[in-house]
Structure formats: C-alpha cells, structure tokens
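Below: my_file_23.csv (CSV, C-alpha atoms and all ligand atoms)
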chain,number,residue,atom,x,y,z
A,1,MET,CA,-49.9,200.6,-21.0
A,2,GLY,CA,-48.0,203.7,-22.0
A,3,LEU,CA,-45.1,203.9,-24.4
A,4,MET,CA,-42.7,204.4,-21.5
A,5,SER,CA,-44.2,201.9,-19.0
A,6,ASN,CA,-41.6,200.1,-16.9
A,7,LYS,CA,-38.9,202.4,-18.2
A,8,LYS,CA,-36.8,204.4,-15.7
A,9,GLY,CA,-34.3,207.1,-16.5
A,10,ILE,CA,-32.8,210.4,-15.6
A,11,ILE,CA,-32.9,214.0,-16.8
A,12,PHE,CA,-30.2,216.6,-16.4
A,13,GLY,CA,-31.1,220.2,-16.9
A,14,VAL,CA,-34.7,220.7,-15.8
A,15,SER,CA,-34.8,224.3,-14.7
A,16,ASN,CA,-38.5,225.2,-14.4
A,17,LYS,CA,-41.8,224.5,-16.3
A,18,ARG,CA,-40.8,226.7,-19.2
A,19,GLY,CA,-37.7,224.7,-20.0
A,20,ILE,CA,-37.1,222.1,-22.7
A,21,GLY,CA,-36.1,219.5,-20.1
A,22,TYR,CA,-39.4,219.8,-18.3
A,23,ALA,CA,-41.3,219.5,-21.6
A,24,ILE,CA,-39.6,216.2,-22.5
A,25,ALA,CA,-40.0,214.9,-18.9
A,26,LYS,CA,-43.7,215.6,-19.0
A,27,GLN,CA,-44.2,213.6,-22.2
A,28,LEU,CA,-42.2,210.7,-20.8
A,29,PHE,CA,-44.1,210.8,-17.5
A,30,ASN,CA,-47.5,210.9,-19.2
A,31,GLU,CA,-46.5,207.7,-21.0
A,32,GLY,CA,-45.6,205.9,-17.7
A,33,ALA,CA,-41.8,206.7,-17.3
A,34,ASP,CA,-40.2,206.8,-13.8
A,35,ILE,CA,-37.8,209.8,-13.9
A,36,ALA,CA,-35.0,210.9,-11.6
A,37,PHE,CA,-34.1,214.7,-11.7
A,38,THR,CA,-31.0,216.6,-11.0
A,39,TYR,CA,-30.4,220.3,-10.2
A,40,ALA,CA,-27.3,222.4,-10.2
A,41,GLY,CA,-26.9,224.1,-6.8
A,42,GLU,CA,-29.3,225.0,-4.0
A,43,THR,CA,-30.9,228.0,-5.7
A,44,MET,CA,-32.1,225.7,-8.5
A,45,LYS,CA,-33.4,223.1,-6.1
A,46,SER,CA,-36.5,225.1,-5.3
A,47,ARG,CA,-37.3,225.5,-9.0
A,48,VAL,CA,-36.7,221.8,-9.9
A,49,LEU,CA,-38.5,220.3,-6.8
A,50,PRO,CA,-42.1,221.2,-7.9
A,51,CYS,CA,-41.4,219.7,-11.4
A,52,ALA,CA,-40.0,216.5,-9.9
A,53,GLU,CA,-42.7,216.1,-7.3
A,54,GLU,CA,-45.4,216.6,-9.9
A,55,MET,CA,-43.9,213.5,-11.6
A,56,ASN,CA,-43.7,211.4,-8.4
A,57,SER,CA,-39.9,211.3,-8.7
A,58,LYS,CA,-38.1,208.9,-6.4
A,59,LEU,CA,-34.7,210.6,-6.8
A,60,ILE,CA,-33.9,214.3,-6.9
A,61,MET,CA,-30.2,215.1,-6.5
A,62,ASN,CA,-27.7,217.9,-6.8
A,63,CYS,CA,-25.4,217.5,-9.7
A,64,ASP,CA,-23.0,220.1,-11.2
A,65,VAL,CA,-22.1,218.3,-14.4
A,66,THR,CA,-18.6,219.8,-14.3
A,67,ASN,CA,-17.9,217.9,-11.1
A,68,ASP,CA,-17.0,214.2,-11.5
A,69,ASP,CA,-17.7,213.5,-7.9
A,70,ASP,CA,-21.3,214.8,-8.4
A,71,ILE,CA,-21.8,212.6,-11.4
A,72,ALA,CA,-20.4,209.6,-9.6
A,73,SER,CA,-22.8,210.2,-6.6
A,74,VAL,CA,-25.8,210.4,-9.0
A,75,VAL,CA,-24.8,207.1,-10.7
A,76,HIS,CA,-24.4,205.5,-7.3
A,77,GLU,CA,-27.8,206.7,-6.0
A,78,PHE,CA,-29.5,205.9,-9.3
A,79,LYS,CA,-28.3,202.4,-9.1
A,80,ARG,CA,-29.4,202.0,-5.5
A,81,VAL,CA,-32.9,203.3,-6.2
A,82,TYR,CA,-33.6,202.0,-9.7
A,83,GLY,CA,-31.0,199.3,-10.4
A,84,THR,CA,-30.8,199.8,-14.2
A,85,CYS,CA,-31.4,202.7,-16.6
A,86,ASP,CA,-33.5,203.0,-19.8
A,87,PHE,CA,-33.0,206.6,-20.8
A,88,ILE,CA,-30.9,209.6,-20.1
A,89,ILE,CA,-31.8,213.2,-21.2
A,90,HIS,CA,-29.1,215.8,-21.3
A,91,ALA,CA,-30.7,219.3,-21.4
A,92,VAL,CA,-27.7,221.2,-20.0
A,93,ALA,CA,-25.8,224.1,-21.5
A,94,PHE,CA,-23.9,227.1,-20.2
A,95,ALA,CA,-21.5,229.8,-21.6
A,96,ASN,CA,-20.4,233.0,-20.0
A,97,ARG,CA,-22.7,235.8,-20.9
A,98,GLU,CA,-19.9,237.9,-22.4
A,99,ASP,CA,-19.2,235.0,-24.8
A,100,LEU,CA,-22.8,235.1,-26.1
A,101,GLU,CA,-22.5,238.5,-27.8
A,102,GLY,CA,-20.3,240.5,-30.0
A,103,ASP,CA,-17.3,239.1,-31.9
A,104,PHE,CA,-16.8,235.4,-31.7
A,105,SER,CA,-13.0,235.7,-31.8
A,106,ASN,CA,-13.0,237.6,-28.5
A,107,VAL,CA,-13.7,234.3,-26.6
A,108,SER,CA,-11.2,233.6,-23.9
A,109,ARG,CA,-9.5,230.3,-23.3
A,110,ASP,CA,-11.4,230.0,-20.1
A,111,GLY,CA,-14.8,230.9,-21.7
A,112,TRP,CA,-14.2,228.3,-24.4
A,113,GLN,CA,-13.4,225.6,-21.9
A,114,THR,CA,-16.4,226.4,-19.7
A,115,ALA,CA,-18.8,226.2,-22.6
A,116,MET,CA,-17.3,223.0,-23.9
A,117,ASP,CA,-17.1,221.4,-20.4
A,118,VAL,CA,-20.7,222.1,-19.4
A,119,SER,CA,-22.4,221.8,-22.8
A,120,ALA,CA,-20.5,219.0,-24.5
A,121,TYR,CA,-18.1,217.0,-22.4
A,122,SER,CA,-20.6,216.5,-19.6
A,123,PHE,CA,-22.8,214.4,-22.0
A,124,VAL,CA,-19.9,212.1,-22.7
A,125,ALA,CA,-18.9,211.8,-19.0
A,126,ILE,CA,-22.5,211.0,-18.0
A,127,ALA,CA,-22.8,208.4,-20.8
A,128,ASN,CA,-19.6,206.8,-19.7
A,129,LYS,CA,-20.4,206.6,-16.0
A,130,PHE,CA,-24.0,205.3,-16.6
A,131,LYS,CA,-22.7,202.7,-19.1
A,132,PRO,CA,-22.8,199.8,-16.6
A,133,LEU,CA,-26.4,200.6,-15.7
A,134,LEU,CA,-27.8,200.9,-19.2
A,135,ASN,CA,-30.3,198.3,-20.3
A,136,PRO,CA,-30.3,197.0,-23.9
A,137,LYS,CA,-32.3,199.4,-26.0
A,138,ALA,CA,-31.7,202.3,-23.7
A,139,SER,CA,-31.9,205.7,-25.3
A,140,LEU,CA,-29.6,208.7,-24.7
A,141,ILE,CA,-30.7,212.2,-25.9
A,142,ALA,CA,-28.9,215.5,-26.0
A,143,LEU,CA,-30.3,218.9,-26.8
A,144,THR,CA,-28.7,220.9,-29.5
A,145,TYR,CA,-29.3,223.9,-31.8
A,146,LEU,CA,-28.7,224.8,-35.5
A,147,GLY,CA,-25.9,227.2,-34.3
A,148,GLY,CA,-23.8,224.0,-34.1
A,149,GLU,CA,-24.1,223.5,-37.9
A,150,ARG,CA,-24.3,227.1,-39.2
A,151,SER,CA,-23.2,230.4,-37.8
A,152,VAL,CA,-25.8,232.4,-35.9
A,153,PRO,CA,-25.1,235.9,-34.6
A,154,ASN,CA,-24.2,236.0,-30.9
A,155,TYR,CA,-24.5,232.2,-30.4
A,156,ASN,CA,-20.7,232.1,-30.9
A,157,VAL,CA,-18.9,229.7,-28.5
A,158,MET,CA,-22.1,227.9,-27.8
A,159,GLY,CA,-22.3,227.0,-31.5
A,160,VAL,CA,-18.8,225.4,-31.2
A,161,ALA,CA,-19.9,223.5,-28.1
A,162,LYS,CA,-23.0,222.2,-29.9
A,163,ALA,CA,-20.9,221.1,-32.9
A,164,ALA,CA,-18.8,219.1,-30.4
A,165,LEU,CA,-21.9,217.7,-28.7
A,166,GLU,CA,-23.4,216.6,-32.1
A,167,ALA,CA,-20.1,214.9,-33.0
A,168,SER,CA,-20.1,213.2,-29.6
A,169,VAL,CA,-23.6,211.9,-30.2
A,170,ARG,CA,-22.3,210.1,-33.3
A,171,TYR,CA,-19.2,208.6,-31.6
A,172,LEU,CA,-21.3,207.5,-28.6
A,173,ALA,CA,-23.9,205.9,-31.0
A,174,LEU,CA,-21.0,203.9,-32.5
A,175,GLU,CA,-19.6,202.9,-29.2
A,176,PHE,CA,-23.0,201.9,-27.6
A,177,GLY,CA,-24.8,200.5,-30.6
A,178,HIS,CA,-23.7,196.9,-30.2
A,179,SER,CA,-26.0,196.5,-27.2
A,180,GLU,CA,-28.9,198.3,-29.0
A,181,VAL,CA,-28.3,201.4,-27.0
A,182,ARG,CA,-29.2,204.5,-29.1
A,183,VAL,CA,-27.8,208.0,-28.9
A,184,ASN,CA,-29.4,210.9,-30.6
A,185,ALA,CA,-29.8,214.7,-30.5
A,186,ILE,CA,-32.8,216.9,-30.8
A,187,SER,CA,-32.0,220.2,-32.6
A,188,ALA,CA,-34.8,222.4,-31.3
A,189,GLY,CA,-35.8,225.7,-32.9
A,190,PRO,CA,-35.5,228.8,-30.6
A,191,VAL,CA,-37.7,228.7,-27.4
A,192,LYS,CA,-37.8,231.4,-24.8
A,193,THR,CA,-36.3,229.7,-21.7
A,194,LEU,CA,-34.1,230.7,-18.8
A,195,ALA,CA,-30.9,229.7,-20.8
A,196,ALA,CA,-32.1,231.5,-23.9
A,197,LYS,CA,-32.3,234.8,-22.0
A,198,GLY,CA,-28.5,234.7,-21.8
A,199,ILE,CA,-28.1,234.9,-25.6
A,200,SER,CA,-27.9,238.5,-26.8
A,201,GLY,CA,-30.6,239.3,-29.4
A,202,PHE,CA,-32.7,236.2,-28.7
A,203,ASP,CA,-36.0,238.0,-29.4
A,204,ILE,CA,-34.8,238.9,-32.9
A,205,LEU,CA,-33.8,235.3,-33.5
A,206,LEU,CA,-37.3,234.2,-32.5
A,207,LYS,CA,-38.9,236.7,-34.9
A,208,VAL,CA,-36.6,235.8,-37.8
A,209,ASN,CA,-37.2,232.1,-37.3
A,210,ALA,CA,-40.9,232.5,-37.3
A,211,ALA,CA,-40.8,234.7,-40.4
A,212,ARG,CA,-38.5,232.5,-42.5
A,213,SER,CA,-39.4,228.9,-41.5
A,214,PRO,CA,-41.5,226.9,-43.9
A,215,MET,CA,-44.2,226.6,-41.2
A,216,LYS,CA,-44.1,230.4,-40.6
A,217,ARG,CA,-44.0,230.0,-36.8
A,218,ASN,CA,-41.8,228.9,-34.0
A,219,VAL,CA,-41.8,225.5,-32.5
A,220,THR,CA,-43.7,224.8,-29.2
A,221,LEU,CA,-42.3,223.2,-26.1
A,222,ASP,CA,-44.9,220.5,-26.5
A,223,GLU,CA,-43.5,219.7,-29.9
A,224,VAL,CA,-39.9,219.4,-28.6
A,225,GLY,CA,-41.3,217.2,-25.8
A,226,LYS,CA,-43.0,214.9,-28.2
A,227,ALA,CA,-39.9,214.5,-30.2
A,228,GLY,CA,-38.1,213.5,-27.0
A,229,LEU,CA,-40.8,210.8,-26.4
A,230,TYR,CA,-40.3,209.5,-29.9
A,231,LEU,CA,-36.5,209.2,-29.5
A,232,CYS,CA,-36.8,207.7,-26.0
A,233,SER,CA,-39.4,205.1,-26.9
A,234,ASP,CA,-39.4,202.1,-29.1
A,235,LEU,CA,-41.1,204.2,-31.8
A,236,SER,CA,-37.6,205.2,-32.9
A,237,SER,CA,-36.0,201.7,-32.4
A,238,GLY,CA,-34.0,201.9,-35.7
A,239,VAL,CA,-32.7,205.5,-35.1
A,240,THR,CA,-29.2,206.3,-33.7
A,241,GLY,CA,-26.4,208.8,-34.3
A,242,GLU,CA,-29.1,211.3,-35.6
A,243,VAL,CA,-29.5,215.0,-35.1
A,244,HIS,CA,-33.3,215.3,-35.4
A,245,HIS,CA,-34.5,218.9,-36.2
A,246,VAL,CA,-37.7,220.1,-34.5
A,247,ASP,CA,-37.7,223.7,-35.7
A,248,CYS,CA,-40.7,224.1,-38.1
A,249,GLY,CA,-38.3,223.3,-41.0
A,250,TYR,CA,-36.0,226.3,-40.4
A,251,HIS,CA,-32.9,224.2,-40.9
A,252,SER,CA,-34.0,223.1,-44.4
A,253,ILE,CA,-34.2,226.5,-46.1
A,254,ALA,CA,-31.5,228.6,-47.8
A,255,THR,CA,-33.5,231.6,-48.7
A,256,SER,CA,-37.1,232.6,-48.3
A,257,LYS,CA,-39.5,235.2,-49.8
A,258,GLU,CA,-39.1,237.2,-46.6
A,259,ASP,CA,-35.3,237.6,-47.3
A,260,ALA,CA,-36.2,239.5,-50.5
A,261,LYS,CA,-38.5,241.8,-48.5
A,262,ILE,CA,-35.7,242.5,-46.0
A,263,ILE,CA,-33.5,243.9,-48.7
A,264,GLY,CA,-36.4,245.9,-50.2
A,265,ILE,CA,-37.3,243.9,-53.3
A,266,SER,CA,-40.5,241.8,-53.9
A,267,ALA,CA,-40.0,238.1,-54.6
B,1,LIG,P1,-32.9,225.9,-19.3
B,1,LIG,O1,-34.3,225.6,-18.9
B,1,LIG,O2,-32.3,227.1,-18.6
B,1,LIG,O3,-32.0,224.7,-19.1
B,1,LIG,C1,-30.6,224.7,-19.1
B,1,LIG,C2,-30.2,223.9,-17.9
B,1,LIG,O4,-28.8,223.7,-17.8
B,1,LIG,C3,-30.6,224.6,-16.6
B,1,LIG,O5,-31.3,223.6,-15.8
B,1,LIG,C4,-29.2,224.8,-15.9
B,1,LIG,O6,-29.2,224.9,-14.5
B,1,LIG,C5,-28.4,223.7,-16.5
B,1,LIG,N1,-27.0,223.9,-16.2
B,1,LIG,C6,-26.2,224.9,-16.5
B,1,LIG,N2,-24.9,224.7,-16.0
B,1,LIG,C7,-25.0,223.5,-15.4
B,1,LIG,C8,-24.0,222.7,-14.7
B,1,LIG,N3,-22.7,223.1,-14.5
B,1,LIG,N4,-24.4,221.5,-14.1
B,1,LIG,C9,-25.7,221.1,-14.2
B,1,LIG,N5,-26.6,221.8,-14.9
B,1,LIG,C10,-26.3,223.0,-15.5
B,1,LIG,O7,-32.9,226.2,-20.8
B,1,LIG,P2,-33.3,225.4,-22.1
B,1,LIG,O8,-33.3,226.3,-23.2
B,1,LIG,O9,-34.5,224.5,-21.8
B,1,LIG,O10,-32.0,224.4,-22.3
B,1,LIG,C11,-32.1,223.0,-22.3
B,1,LIG,C12,-31.2,222.5,-23.5
B,1,LIG,O11,-31.8,222.8,-24.7
B,1,LIG,C13,-29.8,223.1,-23.5
B,1,LIG,O12,-28.9,222.2,-23.9
B,1,LIG,C14,-30.0,224.2,-24.6
B,1,LIG,O13,-28.8,224.5,-25.3
B,1,LIG,C15,-30.9,223.4,-25.6
B,1,LIG,N6,-31.6,224.2,-26.6
B,1,LIG,C16,-32.3,225.3,-26.2
B,1,LIG,C17,-32.9,226.0,-27.2
B,1,LIG,C18,-33.7,227.2,-26.9
B,1,LIG,O14,-34.0,228.0,-27.8
B,1,LIG,N7,-34.1,227.5,-25.6
B,1,LIG,C19,-32.9,225.6,-28.6
B,1,LIG,C20,-32.1,224.5,-28.9
B,1,LIG,C21,-31.5,223.8,-27.9
B,1,LIG,P3,-28.9,226.3,-13.8
B,1,LIG,O15,-29.9,227.2,-14.2
B,1,LIG,O16,-28.9,225.9,-12.4
B,1,LIG,O17,-27.5,226.7,-14.2
Representation of the structure as structure tokens:
Amino acid sequence: MGLMSNKKGIIFGVSNKRGIGYAIAKQLFNEGADIAFTYAGETMKSRVLPCAEEMNSKLIMNCDVTNDDDIASVVHEFKRVYGTCDFIIHAVAFANREDLEGDFSNVSRDGWQTAMDVSAYSFVAIANKFKPLLNPKASLIALTYLGGERSVPNYNVMGVAKAALEASVRYLALEFGHSEVRVNAISAGPVKTLAAKGISGFDILLKVNAARSPMKRNVTLDEVGKAGLYLCSDLSSGVTGEVHHVDCGYHSIATSKEDAKIIGISA
C-alpha cells in the first residue's frame, strides 16, 4: 500500500517532464494516486499527453484556467469519472513577458489583471468549484516563489500575484478546515522550466541562489515533488495554511559570506 493508495485528484499545469507539476504528479503516482491532468490549448496537449499516459490517467482535459466554462467542464467530467476528489495541485502561472523585466511600475492594468487572474484567482475559482467533490482530509496545493514575500529583480508583477496566491491559501485553509480539508503552498527555489524561461535574468537567479543558499546548491525537481507528496498525503495531516519553502534554505538567510565577496571584501 502506497501513501496515496485509493486517492484520486487532479493537477493543473503539467507542461512537460521538466516542469514542477510533473515532478509532483510522479511522486503521487509512484505512491498509488490516480491523477487527472489538464492542458491549456491544443499545442500543449501533445506535451501533456505522454506525461498523463505514463501515469495511466483516466481523464485528460483542456482547461484554460481563466475560463469559467472550462473549469466547470473539468469539474463535471471529474465527478463523472472519479465521483469525489482527494487532492488538487495548482501549478499554473502566467504573466506577459514585458511585465517580467525592467521597472515594476511600468506594469499595465491589463498585464496586472492577466497575472493575477491566471496565477492567483484561478486557484480560488478551482477550489470553489471542486468544493462539493472534496473528501474529508482532501489536500489542495499551490506553487509559489519567494518573490511573493520579498522583491526579486524582474519577477515584478508575478511577485504580486504570488503574494495574492499565498494569502488565498490562508483564507481557503480557514474556509475548508472544518471538514479537515487542508490548503498549503510550496515555495520552490528556482528551477529551469518552461515558465521560468519567460523571466528575464533567470540564469543569474539560479547562480545567485546556489551561491548564497545555506546548502550551496539549487533545489531539484525531485525534492519539490517529494514535498508535494508530503503535503498531499496523511504525513502532513496537521498542516494547513502553510507556505512550505523547498529552496535549500535560501529564504532563511539575510546575508551570506558570498555577499561580502561580491562587494570585494573578505568575510
Ligand atoms: P511550467 O512547467 O511551464 O508550468 C506552468 C504551467 O502553467 C504550464 O503548464 C502552462 O501551460 C500553465 N498555464 C499558463 N497559463 C495557463 C492558463 N491560462 N490556463 C491553464 N494553464 C496555464 O513551469 P513551472 O516552473 O513548473 O511552473 C509551475 C508552478 O510552479 C507555477 O505556479 C510557477 O510559478 C511555480 N514555481 C516555479 C518556480 C521555478 O523556478 N520554475 C519556482 C517557484 C514556483 P501553457 O504552457 O500551455 O501556458
């Protein structure tokens, strides 16, 4: 018996085998979970299908998370195929490329709304529509980044969206907790994925994180996946409303010896 035996759920935001969504799904599948997958548009379908088929998925559906009808169709089909739901993973984010570089205050009203809609509101909408299907002790997880708590060059409006997402996690945890449903976020350190390529200077971010973090390296996809398993399974039965950092400790430091070297003095 695996940790996720007899548990069925859905993941939004698997793009390919190098994404965080896939890494979490794989850990859940290895422990016996039955997983439904969604993709955003036909071009992504061909990328998501091999991931979903590898995990013997019974349900693979189109869902643009900014479209309420798409979300309603997914809920309807999920209910038909699985009846009830034990976990939801939200690994979806998007902001216009021009809003992920340069001066933050240049963000347009439209760019702000797009980032917020795709990256934060969609988690709340999905939780709300799945509410009637959630089993007691179900687990909801969203993916976030330190840029939601602190400023990070170029992360800009996505940082604002992640702050809203993290606050939403706490409010959903409060709303759903009475039926033992838990809502948490994983704050992953930088990983080179499809979405990450859209962030200007991402390679520099990777190098800085590896140099300054207490563990002196970047986090692996496997490590983020295992944190997803922990938060989805009964191993974390007392944990809700939490932003769990999986970033080799980067969030915990203020300065490091490397900072002294950067400004040309030895620590
Ligand atoms: P990814 O593999 O590219 O995943 C992002 C997913 O969001 C893609 O599948 C993308 O689909 C989907 N998406 C975008 N707009 C959508 C929409 N309107 N409807 C439905 N899906 C949509 O990149 P990732 O880095 O693994 O990202 C997964 C999550 O982890 C995101 O929330 C991200 O912010 C978070 N995260 C990433 C890092 C990192 O360093 N990579 C660190 C911390 C947190 P399309 O490609 O079809 O648009």
Query raised in the report: Between A:Val239, A:Ile199, A:Cys85, A:Leu59, which one has atoms that come closest to Ser73 in chain A, using all atoms listed in the file?
Result: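 Smallest separation from Ser73 in chain A among the options: A:Leu59.
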Query raised in the report: Could you pull the residues within 6 Å of Phe37 in chain A, counting only C-alpha atoms, minus those fewer than 6 positions along the same chain, as a list in words?
Result: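 Counting only C-alpha atoms, the residues come to Ile10, Ile11 and Ile60 of chain A.
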Chain A near ligand LIG 1 (chain B) within 6 Å: what's each residue's closest atom pair and its distance in Å to one decimal, counting all atoms listed in the file, ordered by chain then ascending residue number, as CSV?
residue,atom,partner,partner_atom,distance
A:Gly13,CA,B:LIG1,O5,3.6
A:Val14,CA,B:LIG1,O5,4.5
A:Ser15,CA,B:LIG1,O5,3.7
A:Gly19,CA,B:LIG1,O9,3.7
A:Ile20,CA,B:LIG1,O9,3.7
A:Gly21,CA,B:LIG1,O9,5.5
A:Ala40,CA,B:LIG1,O16,4.4
A:Met44,CA,B:LIG1,O16,5.0
A:Cys63,CA,B:LIG1,C9,5.8
A:Asp64,CA,B:LIG1,N4,3.5
A:Val65,CA,B:LIG1,N4,4.0
A:Thr66,CA,B:LIG1,N3,5.3
A:Ala91,CA,B:LIG1,C12,3.9
A:Val92,CA,B:LIG1,O4,3.5
A:Ala93,CA,B:LIG1,O12,4.4
A:Phe94,CA,B:LIG1,C6,4.9
A:Val118,CA,B:LIG1,N3,5.4
A:Leu143,CA,B:LIG1,O12,4.6
A:Thr144,CA,B:LIG1,C21,4.3
A:Tyr145,CA,B:LIG1,C20,4.1
A:Ser187,CA,B:LIG1,C20,5.7
A:Ala188,CA,B:LIG1,C20,4.2
A:Gly189,CA,B:LIG1,C19,5.2
A:Pro190,CA,B:LIG1,O14,3.3
A:Val191,CA,B:LIG1,O14,3.8
A:Lys192,CA,B:LIG1,N7,5.4
A:Thr193,CA,B:LIG1,O8,4.8
A:Leu194,CA,B:LIG1,O2,4.0
A:Ala195,CA,B:LIG1,O2,3.7
A:Ala196,CA,B:LIG1,N7,4.8
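Proximity of A:Ser252, A:Gly238, A:Ile126, A:Arg47 to Asp69 in chain A, computed with only C-alpha atoms, is greatest for A:Ile126.
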Query raised in the report: Near range 23-30 of chain A, within 9 Å and counting all atoms listed in the file, which residues show up once chain neighbours fewer than 2 positions away are dropped, as a list in words?
Result: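 Contacts, in chain order: Gly2, Leu3, Met4, Ile11, Val14, Lys17, Arg18, Gly19, Ile20, Gly21, Gly32, Ala33, Asp34, Ile35, Cys51, Met55, Ile89, Leu221, Asp222, Glu223, Val224, Gly225, Lys226, Ala227, Gly228, Leu229, Cys232 and Ser233 of chain A.
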Next, the residues of the selection above should be written as a PDB file, in the coordinates of the input with C-alpha atoms.
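selection18.pdb written:
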ATOM      1  CA  GLY A   2     -48.000 203.700 -22.000  1.00  0.00           C
ATOM      2  CA  LEU A   3     -45.100 203.900 -24.400  1.00  0.00           C
ATOM      3  CA  MET A   4     -42.700 204.400 -21.500  1.00  0.00           C
ATOM      4  CA  ILE A  11     -32.900 214.000 -16.800  1.00  0.00           C
ATOM      5  CA  VAL A  14     -34.700 220.700 -15.800  1.00  0.00           C
ATOM      6  CA  LYS A  17     -41.800 224.500 -16.300  1.00  0.00           C
ATOM      7  CA  ARG A  18     -40.800 226.700 -19.200  1.00  0.00           C
ATOM      8  CA  GLY A  19     -37.700 224.700 -20.000  1.00  0.00           C
ATOM      9  CA  ILE A  20     -37.100 222.100 -22.700  1.00  0.00           C
ATOM     10  CA  GLY A  21     -36.100 219.500 -20.100  1.00  0.00           C
ATOM     11  CA  GLY A  32     -45.600 205.900 -17.700  1.00  0.00           C
ATOM     12  CA  ALA A  33     -41.800 206.700 -17.300  1.00  0.00           C
ATOM     13  CA  ASP A  34     -40.200 206.800 -13.800  1.00  0.00           C
ATOM     14  CA  ILE A  35     -37.800 209.800 -13.900  1.00  0.00           C
ATOM     15  CA  CYS A  51     -41.400 219.700 -11.400  1.00  0.00           C
ATOM     16  CA  MET A  55     -43.900 213.500 -11.600  1.00  0.00           C
ATOM     17  CA  ILE A  89     -31.800 213.200 -21.200  1.00  0.00           C
ATOM     18  CA  LEU A 221     -42.300 223.200 -26.100  1.00  0.00           C
ATOM     19  CA  ASP A 222     -44.900 220.500 -26.500  1.00  0.00           C
ATOM     20  CA  GLU A 223     -43.500 219.700 -29.900  1.00  0.00           C
ATOM     21  CA  VAL A 224     -39.900 219.400 -28.600  1.00  0.00           C
ATOM     22  CA  GLY A 225     -41.300 217.200 -25.800  1.00  0.00           C
ATOM     23  CA  LYS A 226     -43.000 214.900 -28.200  1.00  0.00           C
ATOM     24  CA  ALA A 227     -39.900 214.500 -30.200  1.00  0.00           C
ATOM     25  CA  GLY A 228     -38.100 213.500 -27.000  1.00  0.00           C
ATOM     26  CA  LEU A 229     -40.800 210.800 -26.400  1.00  0.00           C
ATOM     27  CA  CYS A 232     -36.800 207.700 -26.000  1.00  0.00           C
ATOM     28  CA  SER A 233     -39.400 205.100 -26.900  1.00  0.00           C
TER      29      SER A 233
END
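Minimum distance to Leu146 in chain A across A:Val243, A:Met61, A:Val181, A:Leu231 (counting all atoms listed in the file) occurs at A:Val243.
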Query raised in the report: Using all atoms listed in the file, which residue out of A:Asn154, A:Ser57, A:Asn218, A:Asn184 lies closest to Val81 in chain A?
Result: A:Ser57
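Distances here use all atoms listed in the file; by that measure, the residue among A:Pro214, A:Arg182, A:Ala115, A:Pro136 closest to Glu258 in chain A is A:Pro214.
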Report task. Would you kindly return, as a PyMOL selection string, each protein, DNA or RNA residue with an atom no farther than 10 Å from any atom of Gly147 in chain A, considering all atoms listed in the file and excluding same-chain residues fewer than 4 positions away? Result -> chain A and resi 151-163+187
Report summary line: Using only C-alpha atoms, the best pick from A:Gly198, A:Gly83, A:Gly111, A:Gly9 as closest to Arg97 in chain A would be A:Gly198
Query - For CA of Ser237 in chain A and CA of Phe123 in chain A, the interatomic separation in Å (one decimal) - result: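 According to the coordinates, CA of Ser237 in chain A and CA of Phe123 in chain A are separated by 21.1 Å.
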Query raised in the report: By how many Å are CA of Asp259 in chain A and CA of Leu100 in chain A apart?
Result: 24.7 Å
Query raised in the report: At what distance in Å, to one decimal, does CA of Glu166 in chain A lie from CA of Asp110 in chain A?
Result: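 Separating CA of Asp110 in chain A from CA of Glu166 in chain A is a distance of 21.6 Å.
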